[in-house]
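Enquirer: Pasting in a structure now, in structure tokens, and then I'll have a few things to ask.
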Amino acid sequence: MKIKEMKLYKVPPRWLFLKVTTDDGITGWGEPIVEGKADTVAAAVEEMSDYLIGKEAGNIEDIWQVLYRGGFYRGGPVLTSAISGIEQALWDIKGKKLGVPVYELLGGAVRDKLQVYCWIGGDKPSNVVADAKAKIAAGYTALKMNATDQMNWIDSFEKIDRAVERLAAIREEIGYGVDIGIDFHGRVHKTMARILAKELEPYKPMFIEEPVLSENNEALKELRQHISIPIATGERMYTRWDFKGILQDGAVDIIQPDLSHAGGIWETRKIAAMAEAYDVAVAPHCPLGPIALAACFQLDFCTPNAFIQEQSLGIHYNMGSDLLDYLADPGVFAYENGYVKRLTAPGLGIEINEEKVIEMSKTGHRWRNPVWRTSEGVVTEW
């Protein structure tokens, strides 16, 4: 079962898919992507293929160690995302070879179903009450929304008030029976994050996400002293070594590694085990495509401290193409009362519609992050 061929497909809205084929005809799929840097990650995957072609596909740990440690310069979003997509595809192959879902190879299932959440609003949410009601009517039991748009290091209380009013309006309309996560998106600097979190607290968010940028994680310890809202972070952190410090500091309640960025399925399972030792929950980050989501579910179903899963169906990024479009059987992700049942098919548990992938790869994409500026013209966080 040696790696024979690797093909990359850049498909709308902003994804990169990898197909790995072995010499005995088994195919596996992965999603190596950094949003806005698809071609850069593709180049990294192609460079790594020089080592991979001809290697035993089942030796996932050894391949991971070589791809990560074999380079003198390691880590970071591009290299680790390339490894992540390769690793997902190799687990897909291994599961298919043995006829079992990936979670069976990682200790077996610990749950029958998992709660998912969906997005409401966009980068500048203005119609979140109507969006929330529509999602609840569709059967979701958990939502997430952005807290605010761009913010200065020190900004006005008017912006704070607008952010609080949005959450208050949702709570007034739907009550407290639905969980609502609030994503600060790293847009808020530490002083304003403390103020905003304190003002949001009476409306009982499920968590606040990335209240500060991951490079400012030391500020989380101070923030923890002022609020009781669960603090979540981790989507822009890579491998267990990046997570070691925040777990030791005891400043987070939920970690959110992204299985297409943090090192893949097995690396994220190691991160989750570290978090379990510190009594910290896991909620994998995944505003991406169906392969990344399937990888997340494989982790979730064998991880006791995983409690909810992000997914991108209908998210504001998915213009022109959506999560289910690339699946041969879209029903595999059927959401029932806000939950997904355990996937049972071998490998990642999904079948990719390869004809659709090939067709859409002819269109491709050039998705780029927007560039935001303050009213003074200063570049600020998106």
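Residue numbering restarts at 1 in every chain; chains get A, B, ... in the order shown in the structure tokens, and ligands count up from 1 in that same order.
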Need the shell around Ile195 (chain A): protein/DNA/RNA residues with any atom at most 10 Å away, counting only C-alpha atoms. Skip same-chain ones fewer than 6 positions apart. Format as a CSV table (one decimal) with C-alpha atoms, in the first residue's frame?

Expert:
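Okay, this is what ended up in selection25.csv:
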```csv
chain,number,residue,atom,x,y,z
A,157,PHE,CA,-18.3,52.6,24.1
A,160,ILE,CA,-19.4,48.1,22.8
A,223,LEU,CA,-9.1,38.5,31.2
A,226,HIS,CA,-12.5,39.6,35.3
A,227,ILE,CA,-15.1,37.3,33.7
```

Enquirer: Which residue gives the smallest distance to Ile246 (chain A) among A:Glu215, A:Glu201, A:Glu267, A:Asp155, with only C-alpha atoms counted?

Expert: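 Selected residue with least distance to Ile246 (chain A): A:Glu215.
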
Enquirer: Can you build me a table of region 82-187 of chain A residues sitting at most 10 Å from region 21-32 of chain A, with the closest atom pair per residue and its distance in Å to one decimal, using only C-alpha atoms, sorted by chain and residue number, as CSV?

Expert:
```
residue,atom,partner,partner_atom,distance
A:Ala82,CA,A:Pro32,CA,5.0
A:Ile83,CA,A:Pro32,CA,7.3
A:Ser84,CA,A:Pro32,CA,6.0
A:Gly85,CA,A:Pro32,CA,3.8
A:Ile86,CA,A:Gly30,CA,6.0
A:Glu87,CA,A:Gly30,CA,7.3
A:Gln88,CA,A:Gly30,CA,4.8
A:Ala89,CA,A:Trp29,CA,4.3
A:Leu90,CA,A:Gly28,CA,6.2
A:Trp91,CA,A:Gly28,CA,7.5
A:Asp92,CA,A:Gly28,CA,4.9
A:Ile93,CA,A:Gly28,CA,4.7
A:Lys94,CA,A:Gly28,CA,8.4
A:Gly95,CA,A:Gly28,CA,9.2
A:Lys96,CA,A:Ile26,CA,7.5
A:Lys97,CA,A:Ile26,CA,7.3
```

Enquirer: Could you please write out, as a list in words, every residue of region 135-373 of chain A that DSSP assigns to strand (DSSP E)?

Expert: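 Restricting region 135-373 of chain A to strand (DSSP E) produces Ala142, Leu143, Lys144, Met145, Asn146, Asp179, Ile180, Gly181, Ile182, Asp183, Phe207, Ile208, Glu209, Ile231, Ala232, Thr233, Ile254, Ile255, Ala281, Val282, Gln309, Glu310, Tyr335, Glu336, Tyr339, Val340, Lys341, Trp372 and Arg373 of chain A.
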
Enquirer: Write out, as a tab-separated table, each residue of region 232-290 of chain A that has an atom at most 12 Å from region 170-185 of chain A, together with the closest pair of atoms and their distance in Å to one decimal, counting only C-alpha atoms, rows going by chain and rising number.

Expert:
```
residue	atom	partner	partner_atom	distance
A:Ala232	CA	A:Asp183	CA	9.1
A:Thr233	CA	A:His185	CA	9.4
A:Gly234	CA	A:His185	CA	11.0
A:Glu235	CA	A:His185	CA	9.8
A:Arg236	CA	A:His185	CA	10.4
A:Ile254	CA	A:Gly181	CA	11.6
A:Gln256	CA	A:Asp183	CA	11.9
A:Ala283	CA	A:Gly181	CA	11.3
A:His285	CA	A:Asp183	CA	11.6
```

Enquirer: Just the selected residues (C-alpha atoms), exported as an mmCIF file, in the first residue's frame, please.

Expert:
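File out34.cif, as written:
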```cif
data_model
loop_
_atom_site.group_PDB
_atom_site.id
_atom_site.type_symbol
_atom_site.label_atom_id
_atom_site.label_comp_id
_atom_site.auth_asym_id
_atom_site.auth_seq_id
_atom_site.Cartn_x
_atom_site.Cartn_y
_atom_site.Cartn_z
ATOM 1 C CA ALA A 232 -12.020 29.650 23.779
ATOM 2 C CA THR A 233 -9.062 29.977 21.420
ATOM 3 C CA GLY A 234 -6.737 27.961 19.216
ATOM 4 C CA GLU A 235 -7.732 28.175 15.545
ATOM 5 C CA ARG A 236 -4.452 29.963 14.739
ATOM 6 C CA ILE A 254 -12.055 25.482 25.440
ATOM 7 C CA GLN A 256 -10.304 25.095 19.111
ATOM 8 C CA ALA A 283 -14.447 22.356 20.054
ATOM 9 C CA HIS A 285 -12.526 24.963 14.432
#
```

Enquirer: Can I get the residues of region 65-143 of chain A within 12 Å of region 341-345 of chain A, each with the closest pair of atoms and their distance in Å to one decimal, using only C-alpha atoms, sorted chain first then ascending number, as CSV?

Expert:
```
residue,atom,partner,partner_atom,distance
A:Asp92,CA,A:Ala345,CA,10.5
A:Gly95,CA,A:Ala345,CA,9.0
A:Lys96,CA,A:Ala345,CA,8.5
A:Lys97,CA,A:Ala345,CA,11.9
A:Leu98,CA,A:Ala345,CA,11.3
A:Gly99,CA,A:Ala345,CA,8.0
A:Val100,CA,A:Ala345,CA,6.8
A:Pro101,CA,A:Ala345,CA,5.8
A:Val102,CA,A:Ala345,CA,9.3
A:Tyr103,CA,A:Leu343,CA,9.4
A:Glu104,CA,A:Thr344,CA,9.7
A:Gly108,CA,A:Arg342,CA,11.3
A:Ala109,CA,A:Arg342,CA,8.4
A:Val110,CA,A:Arg342,CA,10.0
A:Arg111,CA,A:Arg342,CA,7.6
A:Asp112,CA,A:Arg342,CA,5.4
A:Lys113,CA,A:Lys341,CA,4.3
A:Leu114,CA,A:Lys341,CA,6.7
A:Gln115,CA,A:Lys341,CA,9.1
A:Val116,CA,A:Lys341,CA,10.6
```

Enquirer: Go ahead and save the residues from that selection, with C-alpha atoms, as a PDB file, in the first residue's frame.

Expert:
```
ATOM      1  CA  ASP A  92      -8.827   7.935   4.971  1.00  0.00           C
ATOM      2  CA  GLY A  95      -9.606   3.244   7.341  1.00  0.00           C
ATOM      3  CA  LYS A  96     -10.759   2.142   3.892  1.00  0.00           C
ATOM      4  CA  LYS A  97      -8.050  -0.549   3.750  1.00  0.00           C
ATOM      5  CA  LEU A  98      -9.201  -1.973   7.095  1.00  0.00           C
ATOM      6  CA  GLY A  99     -12.909  -1.338   6.496  1.00  0.00           C
ATOM      7  CA  VAL A 100     -13.490   0.859   9.563  1.00  0.00           C
ATOM      8  CA  PRO A 101     -14.028   4.546  10.365  1.00  0.00           C
ATOM      9  CA  VAL A 102     -10.907   6.389  11.521  1.00  0.00           C
ATOM     10  CA  TYR A 103     -12.235   6.786  15.069  1.00  0.00           C
ATOM     11  CA  GLU A 104     -12.181   2.988  15.433  1.00  0.00           C
ATOM     12  CA  GLY A 108     -13.229   3.626  19.310  1.00  0.00           C
ATOM     13  CA  ALA A 109     -16.339   5.730  19.755  1.00  0.00           C
ATOM     14  CA  VAL A 110     -17.204   7.491  23.004  1.00  0.00           C
ATOM     15  CA  ARG A 111     -20.522   8.989  21.799  1.00  0.00           C
ATOM     16  CA  ASP A 112     -23.399   8.281  19.452  1.00  0.00           C
ATOM     17  CA  LYS A 113     -23.963  11.844  18.267  1.00  0.00           C
ATOM     18  CA  LEU A 114     -22.443  15.308  18.557  1.00  0.00           C
ATOM     19  CA  GLN A 115     -23.937  18.779  18.725  1.00  0.00           C
ATOM     20  CA  VAL A 116     -23.028  21.195  15.935  1.00  0.00           C
TER      21      VAL A 116
END
```

Enquirer: Apply DSSP to the structure's backbone, then extract all residues of region 63-250 of chain A labelled alpha helix (DSSP H) and return them as a ChimeraX atom specification.

Expert: /A:63-69,77-98,102-105,128-137,157-174,190-200,219-224,239-249

Enquirer: Hey, what's within 12 Å of Arg269 (chain A) if we count only C-alpha atoms and toss same-chain stuff fewer than 4 positions away? As a ChimeraX atom specification, please?

Expert: /A:102-103,105-107,239-240,256-259,262-265,273-276,282-284,295-306

Enquirer: Could the residues in this selection be saved with N, CA and C atoms as a CSV table (one decimal), in the first residue's frame?

Expert:
```csv
chain,number,residue,atom,x,y,z
A,102,VAL,N,-12.2,6.0,10.9
A,102,VAL,CA,-10.9,6.4,11.5
A,102,VAL,C,-11.0,6.3,13.0
A,103,TYR,N,-12.1,6.8,13.6
A,103,TYR,CA,-12.2,6.8,15.1
A,103,TYR,C,-12.1,5.4,15.7
A,105,LEU,N,-9.9,3.4,14.8
A,105,LEU,CA,-8.4,3.2,14.9
A,105,LEU,C,-7.8,4.0,16.0
A,106,LEU,N,-8.6,4.9,16.6
A,106,LEU,CA,-8.0,5.8,17.6
A,106,LEU,C,-8.7,5.6,18.9
A,107,GLY,N,-9.1,4.3,19.2
A,107,GLY,CA,-9.6,4.0,20.5
A,107,GLY,C,-11.1,3.6,20.5
A,239,THR,N,0.1,22.5,16.1
A,239,THR,CA,0.8,21.4,16.8
A,239,THR,C,0.6,21.5,18.3
A,240,ARG,N,1.0,20.4,19.0
A,240,ARG,CA,0.9,20.4,20.5
A,240,ARG,C,1.8,21.4,21.1
A,256,GLN,N,-9.7,25.2,20.4
A,256,GLN,CA,-10.3,25.1,19.1
A,256,GLN,C,-9.3,24.8,18.0
A,257,PRO,N,-8.5,23.7,18.1
A,257,PRO,CA,-7.6,23.5,17.0
A,257,PRO,C,-8.3,23.2,15.7
A,258,ASP,N,-7.7,23.5,14.6
A,258,ASP,CA,-8.3,23.3,13.3
A,258,ASP,C,-7.6,22.1,12.7
A,259,LEU,N,-8.3,21.1,12.3
A,259,LEU,CA,-7.7,19.8,11.9
A,259,LEU,C,-7.0,20.0,10.5
A,262,ALA,N,-3.7,22.4,12.3
A,262,ALA,CA,-3.0,22.1,13.5
A,262,ALA,C,-2.1,20.9,13.4
A,263,GLY,N,-2.2,20.2,12.3
A,263,GLY,CA,-1.3,19.0,12.1
A,263,GLY,C,-2.1,17.7,11.8
A,264,GLY,N,-3.4,17.8,11.6
A,264,GLY,CA,-4.2,16.7,11.2
A,264,GLY,C,-4.9,16.0,12.3
A,265,ILE,N,-5.4,14.8,12.0
A,265,ILE,CA,-6.3,14.1,13.0
A,265,ILE,C,-5.6,13.6,14.2
A,273,ALA,N,-5.9,15.2,24.1
A,273,ALA,CA,-5.5,14.5,25.3
A,273,ALA,C,-4.7,15.4,26.3
A,274,MET,N,-3.9,16.3,25.8
A,274,MET,CA,-3.2,17.2,26.7
A,274,MET,C,-4.3,18.1,27.4
A,275,ALA,N,-5.2,18.6,26.6
A,275,ALA,CA,-6.3,19.4,27.2
A,275,ALA,C,-7.1,18.7,28.2
A,276,GLU,N,-7.4,17.4,28.0
A,276,GLU,CA,-8.1,16.6,29.0
A,276,GLU,C,-7.4,16.6,30.3
A,282,VAL,N,-12.8,20.6,24.2
A,282,VAL,CA,-12.3,20.8,22.8
A,282,VAL,C,-13.5,21.0,21.9
A,283,ALA,N,-13.4,22.0,21.0
A,283,ALA,CA,-14.4,22.4,20.1
A,283,ALA,C,-13.7,22.7,18.8
A,284,PRO,N,-13.4,21.7,17.9
A,284,PRO,CA,-12.6,22.0,16.7
A,284,PRO,C,-13.1,23.1,15.8
A,295,ALA,N,-13.1,14.9,8.9
A,295,ALA,CA,-11.9,14.7,9.8
A,295,ALA,C,-12.2,15.1,11.2
A,296,CYS,N,-12.9,16.2,11.4
A,296,CYS,CA,-13.3,16.7,12.7
A,296,CYS,C,-14.2,15.7,13.4
A,297,PHE,N,-15.2,15.2,12.7
A,297,PHE,CA,-16.1,14.3,13.3
A,297,PHE,C,-15.4,13.0,13.7
A,298,GLN,N,-14.4,12.5,12.9
A,298,GLN,CA,-13.7,11.3,13.3
A,298,GLN,C,-12.9,11.6,14.6
A,299,LEU,N,-12.4,12.8,14.8
A,299,LEU,CA,-11.8,13.1,16.1
A,299,LEU,C,-12.9,13.2,17.2
A,300,ASP,N,-13.9,13.9,16.9
A,300,ASP,CA,-15.0,14.2,17.9
A,300,ASP,C,-15.5,12.9,18.5
A,301,PHE,N,-15.8,11.9,17.7
A,301,PHE,CA,-16.4,10.7,18.1
A,301,PHE,C,-15.5,9.8,18.9
A,302,CYS,N,-14.2,10.0,19.0
A,302,CYS,CA,-13.4,9.2,19.9
A,302,CYS,C,-12.7,10.1,21.0
A,303,THR,N,-13.2,11.3,21.2
A,303,THR,CA,-12.6,12.2,22.1
A,303,THR,C,-13.5,12.6,23.2
A,304,PRO,N,-13.3,12.2,24.4
A,304,PRO,CA,-14.4,12.5,25.5
A,304,PRO,C,-14.5,14.0,25.8
A,305,ASN,N,-13.5,14.8,25.7
A,305,ASN,CA,-13.7,16.2,26.0
A,305,ASN,C,-14.1,17.1,24.8
A,306,ALA,N,-14.3,16.5,23.6
A,306,ALA,CA,-15.0,17.2,22.6
A,306,ALA,C,-16.4,17.4,22.9
```
